[in-house]
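Visitor: Dropping in entry.cif, which is mmCIF, C-alpha atoms and all ligand atoms:
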data_start
#
loop_
_atom_site.label_atom_id
_atom_site.label_comp_id
_atom_site.auth_asym_id
_atom_site.auth_seq_id
_atom_site.Cartn_x
_atom_site.Cartn_y
_atom_site.Cartn_z
CA MET A 1 12.78 -21.86 -2.53
CA SER A 2 9.12 -22.69 -2.92
CA GLU A 3 6.98 -19.65 -3.46
CA ARG A 4 3.82 -21.43 -2.42
CA ASP A 5 3.13 -19.80 0.90
CA ILE A 6 3.97 -16.17 0.84
CA PHE A 7 3.14 -14.34 3.99
CA THR A 8 2.59 -10.61 4.07
CA SER A 9 2.43 -8.20 6.93
CA LEU A 10 1.83 -4.46 7.04
CA TYR A 11 2.60 -2.35 10.08
CA SER A 12 2.79 1.26 11.11
CA SER A 13 5.12 2.75 13.68
CA ASN A 14 6.46 6.10 14.83
CA ALA A 15 10.03 7.24 14.37
CA THR A 16 11.63 8.05 17.71
CA ALA A 17 13.46 10.98 16.05
CA PRO A 18 12.88 12.63 12.67
CA MET A 19 14.64 10.65 9.92
CA THR A 20 16.87 12.62 7.58
CA SER A 21 17.31 11.54 4.04
CA SER A 22 20.69 9.99 4.84
CA ASP A 23 19.15 8.12 7.80
CA LEU A 24 16.60 6.68 5.42
CA THR A 25 19.20 5.81 2.82
CA ALA A 26 21.24 3.97 5.44
CA LEU A 27 18.18 2.10 6.68
CA LEU A 28 17.21 1.11 3.15
CA GLU A 29 20.68 -0.07 2.19
CA GLN A 30 20.92 -2.18 5.31
CA SER A 31 17.43 -3.59 4.75
CA ARG A 32 17.87 -4.37 1.07
CA ALA A 33 21.05 -6.34 1.56
CA ALA A 34 19.56 -8.36 4.42
CA ASN A 35 16.25 -8.89 2.68
CA ARG A 36 17.86 -10.28 -0.45
CA ASP A 37 19.50 -12.94 1.67
CA ARG A 38 16.18 -13.92 3.23
CA ALA A 39 13.88 -13.71 0.21
CA ILE A 40 12.03 -10.79 1.74
CA THR A 41 10.48 -8.14 -0.48
CA GLY A 42 8.32 -5.12 0.26
CA MET A 43 7.87 -1.38 0.49
CA LEU A 44 8.59 1.27 3.06
CA LEU A 45 6.83 4.60 3.41
CA TYR A 46 8.07 7.38 5.66
CA ASP A 47 5.70 10.25 6.20
CA ARG A 48 6.38 12.95 8.77
CA GLY A 49 7.53 10.69 11.56
CA ARG A 50 5.44 7.70 10.65
CA PHE A 51 6.67 4.49 9.06
CA ILE A 52 4.43 2.16 7.14
CA GLN A 53 6.08 -0.97 5.88
CA ILE A 54 4.82 -3.98 4.02
CA LEU A 55 6.91 -7.12 4.16
CA GLU A 56 6.41 -10.34 2.23
CA GLY A 57 8.25 -13.63 2.06
CA PRO A 58 8.34 -17.02 3.73
CA MET A 59 6.29 -16.89 6.93
CA ASP A 60 9.14 -17.65 9.32
CA ALA A 61 11.40 -15.12 7.68
CA VAL A 62 8.74 -12.39 7.86
CA ARG A 63 7.87 -13.16 11.48
CA ASP A 64 11.54 -13.21 12.52
CA LEU A 65 12.15 -9.93 10.77
CA LEU A 66 9.11 -8.31 12.39
CA ASP A 67 10.42 -9.37 15.78
CA ARG A 68 13.78 -7.79 15.00
CA ILE A 69 12.33 -4.61 13.57
CA ARG A 70 10.04 -4.24 16.61
CA GLU A 71 13.14 -3.97 18.83
CA ASP A 72 14.76 -1.32 16.66
CA PRO A 73 15.27 1.91 18.68
CA ARG A 74 14.73 4.06 15.59
CA HIS A 75 10.98 3.65 16.05
CA SER A 76 8.33 2.59 18.54
CA GLY A 77 4.65 1.79 18.77
CA MET A 78 4.60 -0.83 16.05
CA ARG A 79 1.07 -1.92 15.14
CA VAL A 80 0.61 -4.80 12.73
CA LEU A 81 -2.46 -3.88 10.68
CA MET A 82 -2.54 -6.68 8.16
CA ASP A 83 -1.19 -10.14 8.34
CA GLU A 84 -2.09 -12.81 5.77
CA VAL A 85 -1.02 -15.55 3.38
CA ILE A 86 -1.17 -14.51 -0.27
CA ASP A 87 -0.91 -16.37 -3.57
CA ARG A 88 2.04 -14.50 -4.93
CA ARG A 89 4.30 -11.61 -4.15
CA GLN A 90 3.02 -8.12 -4.86
CA PHE A 91 6.48 -6.54 -4.71
CA ALA A 92 8.66 -9.22 -6.24
CA GLU A 93 11.03 -6.67 -7.76
CA TRP A 94 11.65 -4.80 -4.55
CA SER A 95 14.06 -5.97 -1.88
CA MET A 96 12.68 -2.89 -0.13
CA GLY A 97 11.16 -0.15 -2.21
CA PHE A 98 10.79 3.32 -0.80
CA LEU A 99 7.85 5.62 -1.37
CA PRO A 100 7.90 9.28 -0.51
CA ALA A 101 4.97 10.55 1.51
CA PRO A 102 1.76 11.09 -0.42
CA ASP A 103 0.69 14.65 -1.12
CA ALA A 104 -1.33 15.92 1.78
CA ASP A 105 -4.23 18.03 0.64
CA GLY A 106 -6.63 18.54 3.52
CA PRO A 107 -9.64 16.33 4.02
CA PRO A 108 -10.82 14.04 1.21
CA PRO A 109 -13.76 15.04 -0.98
CA GLU A 110 -17.18 14.66 0.57
CA GLY A 111 -18.34 11.06 0.68
CA PHE A 112 -14.80 9.65 0.69
CA ARG A 113 -13.00 8.01 3.58
CA ASP A 114 -9.45 9.05 4.35
CA THR A 115 -7.16 6.03 4.20
CA PHE A 116 -4.48 7.49 6.44
CA ALA A 117 -7.04 8.55 9.04
CA ASP A 118 -8.68 5.11 8.96
CA LEU A 119 -5.33 3.47 9.51
CA ASP A 120 -5.42 4.97 13.00
CA ALA A 121 -9.05 4.11 13.63
CA ALA A 122 -9.99 2.12 16.71
CA ASP A 123 -12.31 0.07 14.53
CA GLY A 124 -10.42 -3.01 13.36
CA TYR A 125 -12.50 -3.39 10.24
CA ALA A 126 -11.71 0.13 9.02
CA THR A 127 -8.04 -0.30 9.89
CA HIS A 128 -7.77 -3.50 7.94
CA ARG A 129 -9.52 -2.02 4.94
CA ALA A 130 -7.22 1.00 5.06
CA ALA A 131 -4.17 -1.27 5.22
CA ARG A 132 -5.33 -3.07 2.11
CA GLU A 133 -5.98 0.20 0.33
CA LEU A 134 -2.46 1.29 1.13
CA SER A 135 -1.09 -1.99 -0.10
CA MET A 136 -2.94 -1.46 -3.38
CA TRP A 137 -1.57 2.06 -3.65
CA PHE A 138 1.94 0.85 -2.87
CA ARG A 139 1.61 -1.67 -5.66
CA VAL A 140 0.39 0.82 -8.22
CA ARG A 141 2.95 3.44 -7.29
CA SER A 142 5.81 0.96 -7.18
CA GLY A 143 4.90 -0.34 -10.62
CA GLU A 144 4.67 3.13 -12.02
CA THR A 145 8.00 4.35 -10.83
CA ALA A 146 9.19 0.86 -11.65
CA THR A 147 12.87 0.65 -11.42
CA PRO A 148 13.74 -2.60 -9.74
CA ALA A 149 15.42 -2.15 -6.38
CA ARG A 150 18.58 -3.79 -7.65
CA ALA A 151 19.17 -0.96 -10.07
CA ARG A 152 18.10 1.65 -7.62
CA VAL A 153 19.83 0.76 -4.40
CA ALA A 154 21.18 4.23 -3.91
CA ALA A 155 17.96 6.05 -4.75
CA GLU A 156 17.64 9.13 -2.59
CA PRO A 157 14.60 9.06 -0.39
CA GLN A 158 12.58 12.24 -0.73
CA GLY A 159 10.69 14.03 2.00
CA MET B 160 -21.34 12.44 6.18
CA VAL B 161 -19.28 9.60 4.89
CA ALA B 162 -20.69 6.14 4.55
CA SER B 163 -20.51 4.03 7.66
CA ASP B 164 -17.86 1.38 7.59
CA THR B 165 -19.49 -1.65 9.08
CA GLY B 166 -18.39 -4.30 6.66
CA ASP B 167 -21.97 -5.25 5.88
CA GLY B 168 -21.65 -4.81 2.15
CA ALA B 169 -21.68 -1.02 2.08
CA LEU B 170 -19.92 0.54 -0.86
CA ILE B 171 -16.93 2.56 0.30
CA TRP B 172 -14.61 4.91 -1.53
CA SER B 173 -11.41 6.01 0.13
CA ARG B 174 -8.84 8.58 -0.81
CA VAL B 175 -5.30 7.38 -0.30
CA GLU B 176 -3.84 10.58 -1.73
CA PRO B 177 -5.29 13.31 -3.92
CA GLY B 178 -5.96 11.67 -7.27
CA PHE B 179 -5.91 8.09 -5.99
CA TYR B 180 -9.15 6.49 -4.81
CA VAL B 181 -9.95 2.89 -3.94
CA GLY B 182 -13.46 1.42 -3.98
CA SER B 183 -14.60 -1.59 -2.00
CA ARG B 184 -17.75 -3.30 -0.93
CA GLY B 185 -17.97 -5.40 2.21
CA GLY B 186 -14.21 -5.69 2.39
CA GLU B 187 -13.79 -6.75 -1.24
CA PHE B 188 -11.94 -4.40 -3.55
CA LEU B 189 -13.75 -3.32 -6.67
CA GLY B 190 -10.92 -1.33 -8.19
CA TYR B 191 -9.32 2.07 -8.09
CA ILE B 192 -9.01 5.40 -9.84
CA ASP B 193 -5.74 7.10 -10.61
CA ARG B 194 -5.68 10.64 -11.93
CA ARG B 195 -3.04 10.99 -14.62
CA PRO B 196 -1.88 14.41 -15.81
CA ASP B 197 -2.31 13.51 -19.47
CA ARG B 198 -5.39 11.28 -19.32
CA GLY B 199 -7.73 12.43 -16.57
CA TYR B 200 -9.34 9.92 -14.22
CA VAL B 201 -8.33 6.42 -15.21
CA ALA B 202 -10.42 3.58 -13.77
CA PHE B 203 -8.94 0.14 -13.06
CA ASP B 204 -10.37 -3.12 -11.83
CA LEU B 205 -8.76 -4.87 -8.91
CA HIS B 206 -6.30 -6.63 -11.19
CA SER B 207 -5.14 -3.26 -12.54
CA SER B 208 -6.79 -3.81 -15.90
CA GLU B 209 -7.89 -0.48 -17.28
CA LEU B 210 -11.63 0.14 -17.49
CA GLY B 211 -11.36 3.50 -19.22
CA ALA B 212 -10.22 7.11 -18.88
CA PHE B 213 -12.70 9.83 -17.94
CA ASP B 214 -12.86 13.59 -17.59
CA SER B 215 -14.75 13.38 -14.33
CA ARG B 216 -14.08 11.42 -11.21
CA ASP B 217 -17.74 10.50 -10.94
CA ASP B 218 -17.69 8.83 -14.34
CA ALA B 219 -14.57 6.88 -13.38
CA ILE B 220 -16.29 5.78 -10.17
CA ALA B 221 -19.32 4.66 -12.16
CA ALA B 222 -17.05 2.58 -14.40
CA VAL B 223 -15.51 0.81 -11.42
CA GLU B 224 -18.86 0.24 -9.75
CA SER B 225 -20.65 -1.01 -12.84
CA GLN B 226 -18.09 -3.67 -13.76
CA THR B 227 -19.41 -5.82 -10.90
CA SER B 228 -22.81 -6.01 -12.51
CA ARG B 229 -21.19 -7.09 -15.77
CA HIS B 230 -19.09 -9.63 -13.96
CA SER B 231 -21.63 -12.45 -14.03
CA SER B 232 -21.94 -12.25 -17.81
CA GLY B 233 -18.24 -12.95 -18.15
CA ALA B 234 -18.16 -10.63 -21.12
CA GLU B 235 -16.16 -7.69 -19.91
CA ALA B 236 -14.39 -5.59 -22.49
C1 LIG C 301 11.13 1.20 9.98
C2 LIG C 301 12.19 0.14 9.91
C3 LIG C 301 12.16 -0.78 8.86
C4 LIG C 301 13.13 -1.78 8.78
N1 LIG C 301 13.07 -2.68 7.74
C5 LIG C 301 13.99 -3.66 7.67
C6 LIG C 301 13.95 -4.63 6.64
O1 LIG C 301 13.10 -4.60 5.76
N2 LIG C 301 14.90 -5.60 6.63
C7 LIG C 301 15.88 -5.67 7.57
O2 LIG C 301 16.70 -6.58 7.52
N3 LIG C 301 15.96 -4.76 8.56
C8 LIG C 301 15.04 -3.77 8.64
N4 LIG C 301 15.13 -2.84 9.64
C9 LIG C 301 16.29 -2.89 10.53
C10 LIG C 301 16.12 -3.87 11.64
O3 LIG C 301 15.32 -3.29 12.65
C11 LIG C 301 17.49 -4.25 12.23
O4 LIG C 301 18.22 -3.10 12.48
C12 LIG C 301 18.23 -5.11 11.26
O5 LIG C 301 17.47 -6.23 10.95
C13 LIG C 301 19.59 -5.56 11.83
O6 LIG C 301 19.37 -6.32 12.95
P1 LIG C 301 20.57 -7.03 13.71
O7 LIG C 301 21.47 -5.90 14.11
O8 LIG C 301 19.90 -7.70 14.87
O9 LIG C 301 21.18 -7.95 12.71
C14 LIG C 301 14.16 -1.85 9.75
C15 LIG C 301 14.18 -0.92 10.79
C16 LIG C 301 13.22 0.08 10.87
C17 LIG C 301 13.25 1.08 11.99
#
Write the structure described by the file as structure tokens, please.

Guide:
Amino acid sequence: MSERDIFTSLYSSNATAPMTSSDLTALLEQSRAANRDRAITGMLLYDRGRFIQILEGPMDAVRDLLDRIREDPRHSGMRVLMDEVIDRRQFAEWSMGFLPAPDADGPPPEGFRDTFADLDAADGYATHRAARELSMWFRVRSGETATPARARVAAEPQG
Amino acid sequence: MVASDTGDGALIWSRVEPGFYVGSRGGEFLGYIDRRPDRGYVAFDLHSSELGAFDSRDDAIAAVESQTSRHSSGAEA
């Protein structure tokens, strides 16, 4: 498959019921198997009832998957916050990586914006910037804990 | 007060989580800072090339911000 036009999309949504660790494991196993078949890669974050997912792959495959995920009763209120063509995959090793929630530690230091707060901002510019910051953080964290998804299919989600 | 976020070229630093900060200007990423237990505040450019490790966050921020002024010379370390 040509890797020339990789499309990426980042959304947030709210779980309709709290996800246990086995719920998340089941979701990830299902997703990883299906994503491998469709050349989809990406990362999923679950943080106290909120999902943030970044998907990348051929445009049609990503759009189809987004349409399917949107209908999934496990969550609601999907908001696509970033949607663009990129030069190359950022998560090539991950059929669907999972990141535990970041440490919450009160408000950020003075003079700093709060990425997770900006994600919910009404201002589209701030939201888009926050989505890109998250994508950057996903990338750094996924590289750091780098065990390719293939070897880590059964990794226990934490938190 | 935090900087306004108008996209007009203002320099913005955001905290994604404690110890991880991303800097941007007018929607363009400059780089990020990652606090490592063994190395302090490590500054990176937007391609994740390391710019240096610092004891203070402010020094790491300065390293990220100053690389843009060196950019035109094409002689970055
Ligand atoms: C937060 C969330 C993320 C999901 N991510 C993926 C994914 O990356 N890949 C995937 O195939 N299904 C994913 N799913 C599952 C899909 O919504 C859907 O259940 C799956 O594609 C099977 O659809 P089907 O029963 O119509 O074949 C996700 C569901 C949720 C709630």

Visitor: Could you please extract the residues within 7 Å of ligand LIG 301 (chain C), counting only C-alpha atoms and all ligand atoms, and hand them back as a list in words?

Guide: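 Selection of residues at most 7 Å from ligand LIG 301 (chain C): Leu27, Gln30, Ser31, Arg32, Ala34, Asn35, Phe51, Gln53, Leu55, Leu65, Arg68, Ile69, Arg70, Glu71, Asp72, Arg74, His75 and Met96 of chain A.
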
Visitor: Please identify all polymer residues within 9 Å of Arg198 in chain B, counting all atoms listed in the file, omitting same-chain residues fewer than 6 positions from it, and present them as a list of chain:residue names.

Guide: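 Selected residues are B:Ala212, B:Phe213, B:Asp214.
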
Visitor: Can you pull out every residue within 8 Å of range 202-208 of chain B, counting all atoms listed in the file, but drop anything in the same chain fewer than 4 positions away, and send it as number ranges by chain?

Guide: B: 188-193, 212-213, 219-220, 222-223, 226

Visitor: Any chance you can output those residues with C-alpha atoms as a compact mmCIF listing (two decimals), in the frame of the given file?

Guide:
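Output below, filename again-v9.txt:
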# COMPACT_ATOMS: atom_id res chain seq x y z
CA PHE B 188 -11.94 -4.40 -3.55
CA LEU B 189 -13.75 -3.32 -6.67
CA GLY B 190 -10.92 -1.33 -8.19
CA TYR B 191 -9.32 2.07 -8.09
CA ILE B 192 -9.01 5.40 -9.84
CA ASP B 193 -5.74 7.10 -10.61
CA ALA B 212 -10.22 7.11 -18.88
CA PHE B 213 -12.70 9.83 -17.94
CA ALA B 219 -14.57 6.88 -13.38
CA ILE B 220 -16.29 5.78 -10.17
CA ALA B 222 -17.05 2.58 -14.40
CA VAL B 223 -15.51 0.81 -11.42
CA GLN B 226 -18.09 -3.67 -13.76

Visitor: Do me a favour and pick out the residues of chain A within 12 Å of chain B, using all atoms listed in the file, as a short mmCIF file (atom, residue, chain, number, x, y, z; two decimals) with C-alpha atoms, in the coordinates of the input.

Guide:
data_model
loop_
_atom_site.label_atom_id
_atom_site.label_comp_id
_atom_site.auth_asym_id
_atom_site.auth_seq_id
_atom_site.Cartn_x
_atom_site.Cartn_y
_atom_site.Cartn_z
CA GLN A 90 3.02 -8.12 -4.86
CA PRO A 100 7.90 9.28 -0.51
CA ALA A 101 4.97 10.55 1.51
CA PRO A 102 1.76 11.09 -0.42
CA ASP A 103 0.69 14.65 -1.12
CA ALA A 104 -1.33 15.92 1.78
CA ASP A 105 -4.23 18.03 0.64
CA GLY A 106 -6.63 18.54 3.52
CA PRO A 107 -9.64 16.33 4.02
CA PRO A 108 -10.82 14.04 1.21
CA PRO A 109 -13.76 15.04 -0.98
CA GLU A 110 -17.18 14.66 0.57
CA GLY A 111 -18.34 11.06 0.68
CA PHE A 112 -14.80 9.65 0.69
CA ARG A 113 -13.00 8.01 3.58
CA ASP A 114 -9.45 9.05 4.35
CA THR A 115 -7.16 6.03 4.20
CA PHE A 116 -4.48 7.49 6.44
CA ALA A 117 -7.04 8.55 9.04
CA ASP A 118 -8.68 5.11 8.96
CA LEU A 119 -5.33 3.47 9.51
CA ALA A 121 -9.05 4.11 13.63
CA ASP A 123 -12.31 0.07 14.53
CA GLY A 124 -10.42 -3.01 13.36
CA TYR A 125 -12.50 -3.39 10.24
CA ALA A 126 -11.71 0.13 9.02
CA THR A 127 -8.04 -0.30 9.89
CA HIS A 128 -7.77 -3.50 7.94
CA ARG A 129 -9.52 -2.02 4.94
CA ALA A 130 -7.22 1.00 5.06
CA ALA A 131 -4.17 -1.27 5.22
CA ARG A 132 -5.33 -3.07 2.11
CA GLU A 133 -5.98 0.20 0.33
CA LEU A 134 -2.46 1.29 1.13
CA SER A 135 -1.09 -1.99 -0.10
CA MET A 136 -2.94 -1.46 -3.38
CA TRP A 137 -1.57 2.06 -3.65
CA PHE A 138 1.94 0.85 -2.87
CA ARG A 139 1.61 -1.67 -5.66
CA VAL A 140 0.39 0.82 -8.22
CA ARG A 141 2.95 3.44 -7.29
CA GLY A 143 4.90 -0.34 -10.62
CA GLU A 144 4.67 3.13 -12.02
#

Visitor: To one decimal place in Å, what is the distance between CA of Ser13 in chain A and CA of Ile52 in chain A?

Guide: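 So the answer is 6.6 Å.
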
Visitor: Could you tell me how far CA of Ser9 in chain A sits from CA of Glu56 in chain A, in Å to one decimal place?

Guide: 6.5 Å

Visitor: Quick check, in Å to one decimal: how far apart do CA of Ile6 in chain A and CA of Leu81 in chain A lie?

Guide: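 Interatomic distance here is 17.0 Å.
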
Visitor: Rank nothing, just name the residue among A:Ala122, A:Ala61, A:Leu99, A:Met43 nearest to Tyr11 in chain A, using only C-alpha atoms.

Guide: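 Between A:Ala122, A:Ala61, A:Leu99, A:Met43, the residue approaching Tyr11 in chain A most closely is A:Met43.
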